[in-house]
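Engineer: mmCIF, C-alpha atoms and all ligand atoms, file entry-v5.cif:
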data_final
loop_
_atom_site.group_PDB
_atom_site.id
_atom_site.type_symbol
_atom_site.label_atom_id
_atom_site.label_comp_id
_atom_site.auth_asym_id
_atom_site.auth_seq_id
_atom_site.Cartn_x
_atom_site.Cartn_y
_atom_site.Cartn_z
ATOM 1 C CA ASP A 1 35.046 19.001 47.951
ATOM 2 C CA GLY A 2 33.590 17.919 51.259
ATOM 3 C CA GLY A 3 33.273 14.313 50.106
ATOM 4 C CA GLY A 4 35.690 13.096 52.755
ATOM 5 C CA ASP A 5 33.857 14.985 55.489
ATOM 6 C CA ALA A 6 30.628 13.440 54.305
ATOM 7 C CA ALA A 7 32.116 10.009 54.957
ATOM 8 C CA ALA A 8 33.557 11.007 58.317
ATOM 9 C CA ASP A 9 30.315 12.418 59.628
ATOM 10 C CA GLY A 10 28.138 9.820 58.007
ATOM 11 C CA GLY A 11 26.530 11.938 55.335
ATOM 12 C CA GLY A 12 26.507 15.447 53.970
ATOM 13 C CA SER A 13 25.300 17.688 51.204
ATOM 14 C CA ASP A 14 27.874 16.590 48.623
ATOM 15 C CA ASP A 15 26.982 13.047 47.676
ATOM 16 C CA THR A 16 29.731 12.472 45.112
ATOM 17 C CA ILE A 17 31.819 9.553 46.313
ATOM 18 C CA THR A 18 35.586 9.978 46.182
ATOM 19 C CA MET A 19 37.465 6.679 45.966
ATOM 20 C CA GLY A 20 41.205 6.231 46.277
ATOM 21 C CA PHE A 21 42.309 3.098 44.443
ATOM 22 C CA ALA A 22 45.827 1.706 44.961
ATOM 23 C CA GLN A 23 46.504 -0.661 42.074
ATOM 24 C CA VAL A 24 49.241 -3.306 42.071
ATOM 25 C CA GLY A 25 50.818 -2.272 38.781
ATOM 26 C CA ALA A 26 50.507 -3.063 35.092
ATOM 27 C CA GLU A 27 52.240 -6.428 35.174
ATOM 28 C CA SER A 28 49.824 -8.448 33.058
ATOM 29 C CA GLY A 29 46.990 -8.351 30.553
ATOM 30 C CA TRP A 30 44.674 -9.177 33.448
ATOM 31 C CA ARG A 31 45.832 -6.125 35.373
ATOM 32 C CA THR A 32 45.440 -3.798 32.400
ATOM 33 C CA ALA A 33 41.882 -5.043 31.861
ATOM 34 C CA ASN A 34 41.157 -4.689 35.591
ATOM 35 C CA THR A 35 42.382 -1.078 35.674
ATOM 36 C CA LYS A 36 40.365 -0.131 32.601
ATOM 37 C CA ASN A 37 37.252 -1.770 34.016
ATOM 38 C CA ILE A 38 37.582 0.012 37.367
ATOM 39 C CA GLN A 39 38.111 3.388 35.688
ATOM 40 C CA GLU A 40 35.125 2.867 33.401
ATOM 41 C CA ALA A 41 32.893 1.656 36.220
ATOM 42 C CA ALA A 42 33.815 4.687 38.341
ATOM 43 C CA ALA A 43 32.958 7.063 35.500
ATOM 44 C CA GLU A 44 29.687 5.210 34.927
ATOM 45 C CA ALA A 45 28.743 5.364 38.615
ATOM 46 C CA GLY A 46 29.777 9.019 38.937
ATOM 47 C CA VAL A 47 32.497 8.117 41.431
ATOM 48 C CA ASP A 48 35.453 10.491 41.602
ATOM 49 C CA LEU A 49 38.365 8.047 41.282
ATOM 50 C CA LYS A 50 41.886 8.776 42.437
ATOM 51 C CA PHE A 51 44.084 6.088 40.934
ATOM 52 C CA SER A 52 47.686 5.070 41.563
ATOM 53 C CA ASP A 53 49.932 2.367 40.070
ATOM 54 C CA ALA A 54 52.402 0.914 42.590
ATOM 55 C CA GLN A 55 54.604 -0.857 40.038
ATOM 56 C CA GLN A 56 54.305 -4.059 42.080
ATOM 57 C CA LYS A 57 55.943 -2.474 45.129
ATOM 58 C CA GLN A 58 54.236 -2.651 48.512
ATOM 59 C CA GLU A 59 55.934 0.525 49.759
ATOM 60 C CA ASN A 60 54.367 2.452 46.853
ATOM 61 C CA GLN A 61 50.936 1.088 47.707
ATOM 62 C CA ILE A 62 51.348 2.060 51.343
ATOM 63 C CA LYS A 63 52.372 5.578 50.281
ATOM 64 C CA ALA A 64 49.340 5.843 48.013
ATOM 65 C CA ILE A 65 46.985 4.719 50.790
ATOM 66 C CA ARG A 66 48.515 7.241 53.210
ATOM 67 C CA SER A 67 48.014 10.003 50.674
ATOM 68 C CA TYR A 68 44.377 8.974 50.213
ATOM 69 C CA ILE A 69 43.914 9.166 53.978
ATOM 70 C CA GLN A 70 45.458 12.632 53.973
ATOM 71 C CA GLN A 71 43.195 13.720 51.124
ATOM 72 C CA LYS A 72 40.207 12.471 53.145
ATOM 73 C CA VAL A 73 38.731 10.338 50.373
ATOM 74 C CA ASP A 74 35.399 8.700 51.215
ATOM 75 C CA VAL A 75 36.548 5.152 50.593
ATOM 76 C CA ILE A 76 39.801 3.357 49.836
ATOM 77 C CA ALA A 77 39.997 0.285 47.627
ATOM 78 C CA PHE A 78 43.156 -1.612 46.831
ATOM 79 C CA SER A 79 44.565 -4.823 45.497
ATOM 80 C CA PRO A 80 47.358 -5.801 47.897
ATOM 81 C CA VAL A 81 50.474 -6.870 46.017
ATOM 82 C CA VAL A 82 51.395 -9.288 48.840
ATOM 83 C CA GLU A 83 49.319 -10.666 51.731
ATOM 84 C CA THR A 84 51.367 -9.516 54.724
ATOM 85 C CA GLY A 85 52.357 -6.182 56.223
ATOM 86 C CA TRP A 86 49.183 -4.114 55.932
ATOM 87 C CA ASP A 87 47.995 -3.780 59.532
ATOM 88 C CA ALA A 88 49.637 -0.436 60.341
ATOM 89 C CA VAL A 89 48.353 1.465 57.331
ATOM 90 C CA LEU A 90 44.905 -0.139 57.581
ATOM 91 C CA GLN A 91 44.723 0.945 61.203
ATOM 92 C CA GLU A 92 45.484 4.502 60.080
ATOM 93 C CA ALA A 93 42.575 4.335 57.625
ATOM 94 C CA LYS A 94 40.315 2.968 60.332
ATOM 95 C CA ARG A 95 41.268 5.747 62.755
ATOM 96 C CA ALA A 96 40.488 8.278 60.010
ATOM 97 C CA ASN A 97 37.097 6.606 59.603
ATOM 98 C CA ILE A 98 37.705 5.722 55.972
ATOM 99 C CA PRO A 99 36.298 2.331 54.994
ATOM 100 C CA VAL A 100 38.563 -0.003 53.012
ATOM 101 C CA ILE A 101 37.471 -2.505 50.371
ATOM 102 C CA LEU A 102 39.926 -5.227 49.342
ATOM 103 C CA THR A 103 39.718 -5.780 45.617
ATOM 104 C CA ASP A 104 41.023 -8.858 43.809
ATOM 105 C CA ARG A 105 43.631 -9.911 46.401
ATOM 106 C CA ALA A 106 43.367 -10.587 50.132
ATOM 107 C CA VAL A 107 45.492 -9.569 53.108
ATOM 108 C CA ASP A 108 46.331 -11.976 55.926
ATOM 109 C CA SER A 109 45.463 -9.532 58.748
ATOM 110 C CA GLU A 110 43.878 -11.256 61.720
ATOM 111 C CA ASP A 111 41.864 -8.149 62.524
ATOM 112 C CA THR A 112 39.109 -8.358 59.932
ATOM 113 C CA SER A 113 37.630 -5.078 61.163
ATOM 114 C CA LEU A 114 40.396 -3.376 59.170
ATOM 115 C CA TYR A 115 38.384 -3.791 55.959
ATOM 116 C CA LYS A 116 34.697 -3.946 55.086
ATOM 117 C CA THR A 117 34.713 -6.639 52.469
ATOM 118 C CA PHE A 118 36.879 -8.585 50.046
ATOM 119 C CA LEU A 119 35.751 -8.727 46.416
ATOM 120 C CA GLY A 120 37.559 -11.148 44.125
ATOM 121 C CA SER A 121 38.179 -14.667 42.913
ATOM 122 C CA ASP A 122 38.622 -17.863 44.866
ATOM 123 C CA PHE A 123 42.245 -18.553 43.937
ATOM 124 C CA VAL A 124 42.432 -21.928 45.687
ATOM 125 C CA GLU A 125 39.486 -23.040 43.569
ATOM 126 C CA GLU A 126 41.272 -21.840 40.421
ATOM 127 C CA GLY A 127 44.350 -23.897 41.320
ATOM 128 C CA LYS A 128 42.117 -26.909 41.922
ATOM 129 C CA LYS A 129 40.457 -26.556 38.520
ATOM 130 C CA ALA A 130 43.886 -26.431 36.871
ATOM 131 C CA GLY A 131 44.990 -29.530 38.789
ATOM 132 C CA GLN A 132 41.753 -31.355 38.003
ATOM 133 C CA TRP A 133 42.265 -30.882 34.269
ATOM 134 C CA LEU A 134 45.711 -32.423 34.614
ATOM 135 C CA VAL A 135 44.422 -35.374 36.632
ATOM 136 C CA ASP A 136 41.654 -35.918 34.067
ATOM 137 C CA ASN A 137 44.088 -35.679 31.134
ATOM 138 C CA ALA A 138 47.022 -37.440 32.768
ATOM 139 C CA ALA A 139 47.497 -40.024 30.012
ATOM 140 C CA ASP A 140 47.807 -37.304 27.348
ATOM 141 C CA ALA A 141 49.996 -35.185 29.573
ATOM 142 C CA ASP A 142 52.663 -37.863 29.877
ATOM 143 C CA VAL A 143 54.168 -36.467 26.702
ATOM 144 C CA ASP A 144 57.356 -38.541 26.726
ATOM 145 C CA GLY A 145 55.501 -41.674 27.801
ATOM 146 C CA ASP A 146 57.885 -42.492 30.643
ATOM 147 C CA GLY A 147 55.146 -43.037 33.191
ATOM 148 C CA ASP A 148 55.929 -39.834 35.075
ATOM 149 C CA ILE A 149 54.130 -36.571 34.518
ATOM 150 C CA ASN A 150 56.785 -34.012 35.196
ATOM 151 C CA VAL A 151 55.319 -30.571 35.903
ATOM 152 C CA VAL A 152 57.185 -27.285 36.184
ATOM 153 C CA GLU A 153 55.409 -24.401 37.875
ATOM 154 C CA LEU A 154 55.654 -20.690 37.100
ATOM 155 C CA GLN A 155 54.499 -18.996 40.266
ATOM 156 C CA GLY A 156 52.997 -15.527 40.551
ATOM 157 C CA THR A 157 54.512 -12.797 42.697
ATOM 158 C CA THR A 158 56.087 -14.241 45.842
ATOM 159 C CA GLY A 159 53.796 -13.671 48.810
ATOM 160 C CA ALA A 160 50.782 -12.646 46.691
ATOM 161 C CA ALA A 161 47.462 -14.278 47.537
ATOM 162 C CA PRO A 162 46.908 -15.678 44.020
ATOM 163 C CA ALA A 163 50.398 -17.242 43.971
ATOM 164 C CA ILE A 164 50.005 -18.859 47.391
ATOM 165 C CA ASP A 165 46.456 -20.046 46.824
ATOM 166 C CA ARG A 166 46.781 -21.293 43.250
ATOM 167 C CA LYS A 167 49.800 -23.368 44.239
ATOM 168 C CA GLU A 168 47.941 -24.807 47.192
ATOM 169 C CA GLY A 169 44.823 -25.738 45.206
ATOM 170 C CA PHE A 170 46.816 -27.289 42.362
ATOM 171 C CA GLU A 171 49.026 -29.361 44.684
ATOM 172 C CA GLU A 172 46.051 -30.607 46.639
ATOM 173 C CA VAL A 173 44.319 -31.989 43.561
ATOM 174 C CA ILE A 174 47.330 -33.493 41.743
ATOM 175 C CA ALA A 175 48.194 -35.459 44.880
ATOM 176 C CA ALA A 176 45.394 -37.829 43.778
ATOM 177 C CA ASN A 177 47.649 -39.137 41.003
ATOM 178 C CA GLY A 178 50.981 -40.561 42.130
ATOM 179 C CA GLU A 179 52.471 -40.145 38.648
ATOM 180 C CA ILE A 180 52.126 -36.372 38.675
ATOM 181 C CA SER A 181 54.793 -34.342 40.434
ATOM 182 C CA ILE A 182 56.242 -30.828 40.354
ATOM 183 C CA SER A 183 59.985 -30.929 39.685
ATOM 184 C CA GLN A 184 60.671 -27.182 39.706
ATOM 185 C CA SER A 185 58.713 -24.166 40.879
ATOM 186 C CA GLN A 186 59.806 -20.549 40.671
ATOM 187 C CA THR A 187 58.305 -17.097 40.494
ATOM 188 C CA GLY A 188 57.964 -15.284 37.193
ATOM 189 C CA ASP A 189 56.295 -12.345 38.980
ATOM 190 C CA PHE A 190 53.147 -12.622 36.819
ATOM 191 C CA THR A 191 54.968 -11.078 33.834
ATOM 192 C CA ARG A 192 55.571 -12.385 30.329
ATOM 193 C CA ASP A 193 59.273 -11.682 30.547
ATOM 194 C CA GLY A 194 59.520 -13.372 33.939
ATOM 195 C CA GLY A 195 57.770 -16.461 32.589
ATOM 196 C CA LYS A 196 60.106 -16.601 29.611
ATOM 197 C CA GLN A 197 63.276 -16.312 31.667
ATOM 198 C CA VAL A 198 62.272 -18.876 34.262
ATOM 199 C CA MET A 199 61.120 -21.310 31.572
ATOM 200 C CA GLU A 200 64.440 -20.932 29.741
ATOM 201 C CA ALA A 201 66.230 -21.915 32.944
ATOM 202 C CA PHE A 202 63.854 -24.856 33.529
ATOM 203 C CA LEU A 203 64.448 -26.145 29.985
ATOM 204 C CA GLN A 204 68.186 -25.911 30.442
ATOM 205 C CA SER A 205 68.203 -27.852 33.669
ATOM 206 C CA GLU A 206 66.052 -30.813 32.581
ATOM 207 C CA ASP A 207 64.857 -32.306 29.324
ATOM 208 C CA ASP A 208 61.815 -34.337 30.323
ATOM 209 C CA ILE A 209 59.333 -31.588 31.153
ATOM 210 C CA ASP A 210 55.805 -32.710 30.262
ATOM 211 C CA VAL A 211 53.673 -29.884 31.646
ATOM 212 C CA VAL A 212 53.904 -26.201 32.548
ATOM 213 C CA PHE A 213 51.499 -24.863 35.143
ATOM 214 C CA ALA A 214 51.679 -21.064 34.933
ATOM 215 C CA HIS A 215 49.815 -18.990 37.533
ATOM 216 C CA ASN A 216 48.720 -16.576 34.789
ATOM 217 C CA ASP A 217 48.405 -16.307 31.013
ATOM 218 C CA ASP A 218 51.243 -13.838 30.643
ATOM 219 C CA MET A 219 53.815 -16.175 32.185
ATOM 220 C CA GLY A 220 52.422 -19.003 30.063
ATOM 221 C CA LEU A 221 52.867 -16.842 26.961
ATOM 222 C CA GLY A 222 56.454 -16.129 28.000
ATOM 223 C CA ALA A 223 56.988 -19.878 28.484
ATOM 224 C CA ILE A 224 55.693 -20.487 24.942
ATOM 225 C CA GLU A 225 58.435 -18.212 23.607
ATOM 226 C CA ALA A 226 61.082 -20.134 25.563
ATOM 227 C CA ILE A 227 59.693 -23.509 24.437
ATOM 228 C CA GLU A 228 59.647 -22.453 20.781
ATOM 229 C CA ALA A 229 63.163 -21.039 21.061
ATOM 230 C CA ALA A 230 64.271 -24.466 22.342
ATOM 231 C CA GLY A 231 62.886 -26.049 19.168
ATOM 232 C CA LEU A 232 59.873 -27.637 20.888
ATOM 233 C CA VAL A 233 56.178 -27.319 20.059
ATOM 234 C CA PRO A 234 54.109 -25.737 22.873
ATOM 235 C CA GLY A 235 50.854 -27.550 23.531
ATOM 236 C CA GLU A 236 52.271 -30.772 22.054
ATOM 237 C CA ASP A 237 55.814 -31.426 23.281
ATOM 238 C CA VAL A 238 54.998 -29.556 26.473
ATOM 239 C CA LYS A 239 51.422 -29.177 27.721
ATOM 240 C CA ILE A 240 50.534 -25.777 29.145
ATOM 241 C CA ILE A 241 47.917 -24.874 31.744
ATOM 242 C CA THR A 242 47.353 -21.235 32.718
ATOM 243 C CA ILE A 243 44.931 -19.017 34.652
ATOM 244 C CA ASP A 244 43.151 -15.749 33.645
ATOM 245 C CA ALA A 245 41.714 -16.176 30.118
ATOM 246 C CA VAL A 246 42.699 -12.773 28.751
ATOM 247 C CA LYS A 247 42.517 -12.323 24.995
ATOM 248 C CA ASP A 248 46.171 -13.162 24.247
ATOM 249 C CA GLY A 249 45.898 -16.293 26.364
ATOM 250 C CA MET A 250 42.641 -17.312 24.709
ATOM 251 C CA THR A 251 44.208 -16.776 21.286
ATOM 252 C CA ALA A 252 47.116 -19.089 22.149
ATOM 253 C CA LEU A 253 44.617 -21.591 23.575
ATOM 254 C CA SER A 254 42.515 -21.554 20.397
ATOM 255 C CA GLU A 255 45.732 -22.203 18.427
ATOM 256 C CA GLY A 256 46.540 -25.203 20.629
ATOM 257 C CA LYS A 257 49.692 -23.634 22.109
ATOM 258 C CA ILE A 258 48.041 -23.603 25.529
ATOM 259 C CA ASN A 259 45.960 -26.661 26.469
ATOM 260 C CA PHE A 260 43.676 -25.386 29.225
ATOM 261 C CA ILE A 261 42.860 -22.049 30.867
ATOM 262 C CA VAL A 262 41.062 -21.461 34.144
ATOM 263 C CA GLU A 263 39.195 -18.173 33.996
ATOM 264 C CA CYS A 264 39.856 -15.389 36.498
ATOM 265 C CA SER A 265 37.709 -12.358 35.834
ATOM 266 C CA PRO A 266 39.276 -8.873 36.010
ATOM 267 C CA LEU A 267 35.889 -7.184 35.579
ATOM 268 C CA LEU A 268 35.460 -6.191 39.216
ATOM 269 C CA GLY A 269 34.684 -2.502 38.649
ATOM 270 C CA PRO A 270 30.872 -2.437 38.681
ATOM 271 C CA GLN A 271 30.661 -4.641 41.805
ATOM 272 C CA LEU A 272 33.309 -2.518 43.507
ATOM 273 C CA MET A 273 31.379 0.710 42.891
ATOM 274 C CA ASP A 274 28.217 -0.941 44.101
ATOM 275 C CA LEU A 275 29.868 -2.144 47.309
ATOM 276 C CA ALA A 276 31.393 1.299 47.910
ATOM 277 C CA GLU A 277 27.993 2.969 47.585
ATOM 278 C CA LYS A 278 26.424 0.490 50.009
ATOM 279 C CA VAL A 279 29.219 0.756 52.575
ATOM 280 C CA LEU A 280 29.011 4.558 52.531
ATOM 281 C CA ALA A 281 25.230 4.442 52.828
ATOM 282 C CA GLY A 282 25.696 2.398 55.994
ATOM 283 C CA GLU A 283 24.174 -0.727 54.463
ATOM 284 C CA GLU A 284 25.320 -4.209 55.389
ATOM 285 C CA VAL A 285 27.545 -5.852 52.812
ATOM 286 C CA PRO A 286 28.774 -9.450 52.754
ATOM 287 C CA THR A 287 32.324 -9.744 54.088
ATOM 288 C CA ARG A 288 33.304 -11.837 51.070
ATOM 289 C CA VAL A 289 32.096 -11.448 47.472
ATOM 290 C CA VAL A 290 33.371 -14.198 45.152
ATOM 291 C CA THR A 291 33.613 -13.698 41.408
ATOM 292 C CA GLU A 292 31.989 -16.303 39.157
ATOM 293 C CA GLU A 293 34.290 -18.020 36.709
ATOM 294 C CA THR A 294 34.558 -20.853 34.233
ATOM 295 C CA THR A 295 37.277 -22.810 32.378
ATOM 296 C CA PHE A 296 38.186 -23.092 28.689
ATOM 297 C CA THR A 297 39.459 -25.825 26.365
ATOM 298 C CA PRO A 298 40.893 -24.886 22.922
ATOM 299 C CA GLU A 299 37.500 -25.533 21.267
ATOM 300 C CA GLN A 300 35.668 -23.383 23.803
ATOM 301 C CA ALA A 301 38.246 -20.610 23.420
ATOM 302 C CA ALA A 302 37.789 -20.578 19.647
ATOM 303 C CA GLU A 303 34.044 -20.172 20.121
ATOM 304 C CA VAL A 304 34.197 -17.113 22.392
ATOM 305 C CA LEU A 305 37.381 -15.432 21.144
ATOM 306 C CA ALA A 306 35.688 -12.957 18.816
ATOM 307 C CA GLU A 307 33.541 -11.513 21.613
ATOM 308 C CA ARG A 308 36.260 -11.495 24.250
ATOM 309 C CA GLN A 309 36.502 -7.898 25.504
ATOM 310 C CA TYR A 310 39.912 -8.064 27.135
HETATM 311 O O1 LIG B 1 45.837 -13.600 37.748
HETATM 312 C C1 LIG B 1 47.512 -11.994 37.223
HETATM 313 C C2 LIG B 1 47.741 -10.636 37.767
HETATM 314 O O2 LIG B 1 45.588 -10.847 41.251
HETATM 315 C C3 LIG B 1 44.088 -12.231 40.083
HETATM 316 O O3 LIG B 1 47.333 -10.724 39.114
HETATM 317 C C4 LIG B 1 45.201 -11.275 40.002
HETATM 318 C C5 LIG B 1 46.419 -11.783 39.251
HETATM 319 C C6 LIG B 1 46.185 -12.272 37.842
HETATM 320 O O4 LIG B 1 48.977 -10.138 37.552
HETATM 321 O O5 LIG B 1 47.525 -12.005 35.832
#
Rewrite the coordinates I just gave you, this time as structure tokens.
Ligand code: GYE
Structural biologist:
Amino acid sequence: DGGGDAAADGGGSDDTITMGFAQVGAESGWRTANTKNIQEAAAEAGVDLKFSDAQQKQENQIKAIRSYIQQKVDVIAFSPVVETGWDAVLQEAKRANIPVILTDRAVDSEDTSLYKTFLGSDFVEEGKKAGQWLVDNAADADVDGDGDINVVELQGTTGAAPAIDRKEGFEEVIAANGEISISQSQTGDFTRDGGKQVMEAFLQSEDDIDVVFAHNDDMGLGAIEAIEAAGLVPGEDVKIITIDAVKDGMTALSEGKINFIVECSPLLGPQLMDLAEKVLAGEEVPTRVVTEETTFTPEQAAEVLAERQY
């Protein structure tokens, strides 16, 4: 269609933008909402979107990016499943003169010329907000009243930016209260099933868990199933803090099964299309675009639930 050539030579007669998007997978409600939003925003902006789902495997994402390079798309966007190991394929894109936009998750490449910008949330900040709620509600969170607030952590995908950063932010803030500590921390890979299985194991290995900090709603929802199966009441016998604020999470929050959710917005599509257009028009774009987000208590969740789109 000539779109790729237009990018390579800095402009041409065909001004339809072709974008290759390498998605992480379909591991969570967040991801499903993110995919839908990107597809809708592309259609809205008249961007020809080539989309691939890597099923949470880096090798699949690398293959998808290589195929986009071969197809000479105008721009590549992707959400890196893990932070490391991208330099080689990003160098290939750079040599082919195809700009790359990081969406949602970051890479740890030292050479920042390998991508134009990074659009997404501040995950450290999200972890801090989760930790701050716990510090502020420490008295309530000592469910068994033994003077120790025993937290178990359900981590996201090992090596993924949101897993690394959310852990870091949370730990930094809870250090302010000597009674709060994390007794066990394991990955549930951002899935509901993963969260359920890891929580089952946690519950078997200790009986004084006060709090679950889950790196996303889906794992928190899986933990709820495990807690209920153990004959305990989620939100009361075990306090639950999660991140995302997708509809299923907000529903559980409004029912009191989750106690606090830090929002992470999946609605990155319109900003992504906008950035792609600017990059291809040769305009300056900021190297970092941070998504704006809030937090929700059960009362706040109940108020907004009906209008929640995802
Ligand atoms: O929190 C989780 C998803 O990268 C921000 O990935 C995203 C995370 C999100 O699987 O639900």
Engineer: Could you list the protein, DNA and RNA residues that have any atom within 6 Å of ligand LIG 1 (chain B), counting only C-alpha atoms and all ligand atoms, and write them as a VMD selection string?
Structural biologist: chain A and resid 27 to 28 30 to 31 104 to 105 162 190 216 244
Engineer: Evaluate the PyMOL selection byres (((chain A and resi 247-257) around 10) and not hetatm) against this structure - the residues, as a CSV table (one decimal) with C-alpha atoms, in the frame of the given file, please.
Structural biologist:
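Listed below is the output, expr_30.csv:
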chain,number,residue,atom,x,y,z
A,29,GLY,CA,47.0,-8.4,30.6
A,30,TRP,CA,44.7,-9.2,33.4
A,216,ASN,CA,48.7,-16.6,34.8
A,217,ASP,CA,48.4,-16.3,31.0
A,218,ASP,CA,51.2,-13.8,30.6
A,219,MET,CA,53.8,-16.2,32.2
A,220,GLY,CA,52.4,-19.0,30.1
A,221,LEU,CA,52.9,-16.8,27.0
A,224,ILE,CA,55.7,-20.5,24.9
A,233,VAL,CA,56.2,-27.3,20.1
A,234,PRO,CA,54.1,-25.7,22.9
A,235,GLY,CA,50.9,-27.6,23.5
A,236,GLU,CA,52.3,-30.8,22.1
A,237,ASP,CA,55.8,-31.4,23.3
A,238,VAL,CA,55.0,-29.6,26.5
A,239,LYS,CA,51.4,-29.2,27.7
A,240,ILE,CA,50.5,-25.8,29.1
A,241,ILE,CA,47.9,-24.9,31.7
A,242,THR,CA,47.4,-21.2,32.7
A,243,ILE,CA,44.9,-19.0,34.7
A,244,ASP,CA,43.2,-15.7,33.6
A,245,ALA,CA,41.7,-16.2,30.1
A,246,VAL,CA,42.7,-12.8,28.8
A,258,ILE,CA,48.0,-23.6,25.5
A,259,ASN,CA,46.0,-26.7,26.5
A,260,PHE,CA,43.7,-25.4,29.2
A,261,ILE,CA,42.9,-22.0,30.9
A,263,GLU,CA,39.2,-18.2,34.0
A,296,PHE,CA,38.2,-23.1,28.7
A,297,THR,CA,39.5,-25.8,26.4
A,298,PRO,CA,40.9,-24.9,22.9
A,299,GLU,CA,37.5,-25.5,21.3
A,300,GLN,CA,35.7,-23.4,23.8
A,301,ALA,CA,38.2,-20.6,23.4
A,302,ALA,CA,37.8,-20.6,19.6
A,303,GLU,CA,34.0,-20.2,20.1
A,304,VAL,CA,34.2,-17.1,22.4
A,305,LEU,CA,37.4,-15.4,21.1
A,306,ALA,CA,35.7,-13.0,18.8
A,307,GLU,CA,33.5,-11.5,21.6
A,308,ARG,CA,36.3,-11.5,24.2
A,309,GLN,CA,36.5,-7.9,25.5
A,310,TYR,CA,39.9,-8.1,27.1
Engineer: Could you please determine the separation between atom CA of A:Ala223 and atom CA of A:Gly194 in Å, to one decimal place?
Structural biologist: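 For atom CA of A:Ala223 relative to atom CA of A:Gly194, the distance reads 8.9 Å.
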Engineer: Taking the file as shown, find all residues satisfying the PyMOL selection byres (((chain A and resi 271) around 12) and not hetatm) and write them as a compact mmCIF listing (two decimals) with C-alpha atoms, in the frame of the given file.
Structural biologist:
# COMPACT_ATOMS: atom_id res chain seq x y z
CA ASN A 37 37.25 -1.77 34.02
CA ILE A 38 37.58 0.01 37.37
CA ALA A 41 32.89 1.66 36.22
CA ALA A 42 33.82 4.69 38.34
CA ALA A 45 28.74 5.36 38.62
CA ILE A 101 37.47 -2.50 50.37
CA LEU A 102 39.93 -5.23 49.34
CA THR A 103 39.72 -5.78 45.62
CA ASP A 104 41.02 -8.86 43.81
CA THR A 117 34.71 -6.64 52.47
CA PHE A 118 36.88 -8.59 50.05
CA LEU A 119 35.75 -8.73 46.42
CA GLY A 120 37.56 -11.15 44.12
CA PRO A 266 39.28 -8.87 36.01
CA LEU A 267 35.89 -7.18 35.58
CA LEU A 268 35.46 -6.19 39.22
CA GLY A 269 34.68 -2.50 38.65
CA PRO A 270 30.87 -2.44 38.68
CA LEU A 272 33.31 -2.52 43.51
CA MET A 273 31.38 0.71 42.89
CA ASP A 274 28.22 -0.94 44.10
CA LEU A 275 29.87 -2.14 47.31
CA ALA A 276 31.39 1.30 47.91
CA GLU A 277 27.99 2.97 47.58
CA LYS A 278 26.42 0.49 50.01
CA VAL A 285 27.54 -5.85 52.81
CA VAL A 289 32.10 -11.45 47.47
CA VAL A 290 33.37 -14.20 45.15
CA THR A 291 33.61 -13.70 41.41
Engineer: Please measure the separation of atom CA of A:Val198 and atom CA of A:Ser52, giving the value in Å to one decimal.
Structural biologist: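 Those two atoms sit 29.0 Å apart.
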Engineer: The centre and edge lengths of an axis-aligned box containing all atoms of stretch 203-209 of chain A present in the file, extended by 8 Å on each side, are to be given in Å to one decimal, as JSON.
Structural biologist:
{"center_x": 63.8, "center_y": -30.1, "center_z": 31.5, "size_x": 24.9, "size_y": 24.4, "size_z": 20.3}
Engineer: Just give me the gap between atom CA of A:Glu284 and atom CA of A:Lys116 in Å, one decimal is fine.
Structural biologist: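 Computing the Euclidean distance for atom CA of A:Glu284 and atom CA of A:Lys116 yields 9.4 Å.
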Engineer: Pick from A:Thr84, A:Ser183, A:Thr191, A:Gln56: nearest to A:Leu203, with only C-alpha atoms counted?
Structural biologist: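 Of A:Thr84, A:Ser183, A:Thr191, A:Gln56, the one nearest A:Leu203, counting only C-alpha atoms, is A:Ser183.
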Engineer: Give me the residues within 7 Å of A:Glu126 as a ChimeraX atom specification, counting all atoms listed in the file and dropping any in the same chain fewer than 3 places off.
Structural biologist: /A:122-123,129-130,166,262
Engineer: Find, counting all atoms listed in the file, the residue in A:Ser121, A:Ser113, A:Asn177, A:Gln186 that gets nearest to A:Glu293.
Structural biologist: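 Of the candidates, the smallest distance to A:Glu293 is held by A:Ser121.
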Engineer: From the set A:Val143, A:Ala88, A:Ala77, A:Ala64, which residue has the shortest atom-to-atom contact distance to A:Val279, counting only C-alpha atoms?
Structural biologist: A:Ala77
Engineer: Considering only C-alpha atoms, can you say which of A:Gln132, A:Gln39, A:Ser185, A:Asn137 comes closest to A:Val151?
Structural biologist: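 Closest to A:Val151, using only C-alpha atoms: A:Ser185.
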Engineer: Once the PyMOL selection byres (((chain A and resi 57) around 10) and not hetatm) has been applied to the shown file, what residues remain in the selection, as a PyMOL selection string?
Structural biologist: chain A and resi 24-25+53-56+58-62+80-82
Engineer: Looking at only C-alpha atoms, which of A:Ile17, A:Leu90, A:Leu49, A:Val212 is the one that sits closest to A:Ile69?
Structural biologist: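 Checking each candidate against A:Ile69, we get A:Leu90 as the closest.
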Engineer: Rank A:Asp207, A:Glu228, A:Glu168, A:Lys36 by their smallest atom-to-atom distance to A:Glu125, using all atoms listed in the file, and report the top residue only.
Structural biologist: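 Checking each of A:Asp207, A:Glu228, A:Glu168, A:Lys36 against A:Glu125, counting all atoms listed in the file, the winner is A:Glu168.
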